[in-house]
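Enquirer: This is the structure I have questions about; it appears just below.
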Amino acid sequence: MNKEIIMDTLTMQVTNQNAYSLLNELEKLHLIKVLKKENASSQKLSDKFAGKLPLDAAKKLQDHIKQSRDEWDM
């Protein structure tokens with residue numbers, strides 16, 4: 001009998017506090033492994049991505065956004 005082992009990483013949203021105890025029990029039975037969620041960085045997105053886009057591409061993007069907004073306001 002050939003058993004295929006499948007290991008996926010899933011993201012779940014807990015909607016009931018009782019789920020934590022159930023997840024804990026499944027982990028004790030070695031059926032799942034609960035991974036700790038990484039803390040969100042306190043770094044602002046503008047600081048994180050500053051300088052990532054070439055200046056010419058950034059200028060074209062800003063021009064396009066301005067044009068789109070101007071068209072929307074008409």
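Chain labels A, B, ... are given in the sequence in which chains occur in the structure tokens; within each chain residues are numbered consecutively from 1, and ligands are likewise numbered from 1 in the order shown.
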Give the alpha helix (DSSP H) residues of chain A, as DSSP finds them on the backbone, and put them as a VMD selection string.
Expert: chain A and resid 18 to 28 45 to 48 55 to 73
Enquirer: Identify which of the residues A:Tyr20, A:Ile32, A:Met74, A:Asp47 lies closest to Ile6 in chain A, counting only C-alpha atoms when measuring atom-to-atom distances.
Expert: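 So, comparing all the options, the nearest one is A:Ile32.
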Enquirer: Residues within 12 Å of Leu10 in chain A, please, as a list in words. Count only C-alpha atoms; anything in the same chain fewer than 4 positions from it doesn't count.
Expert: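 Within the cut-off, the hits are Ile32, Lys33, Val34, Leu35 and Lys37 of chain A.
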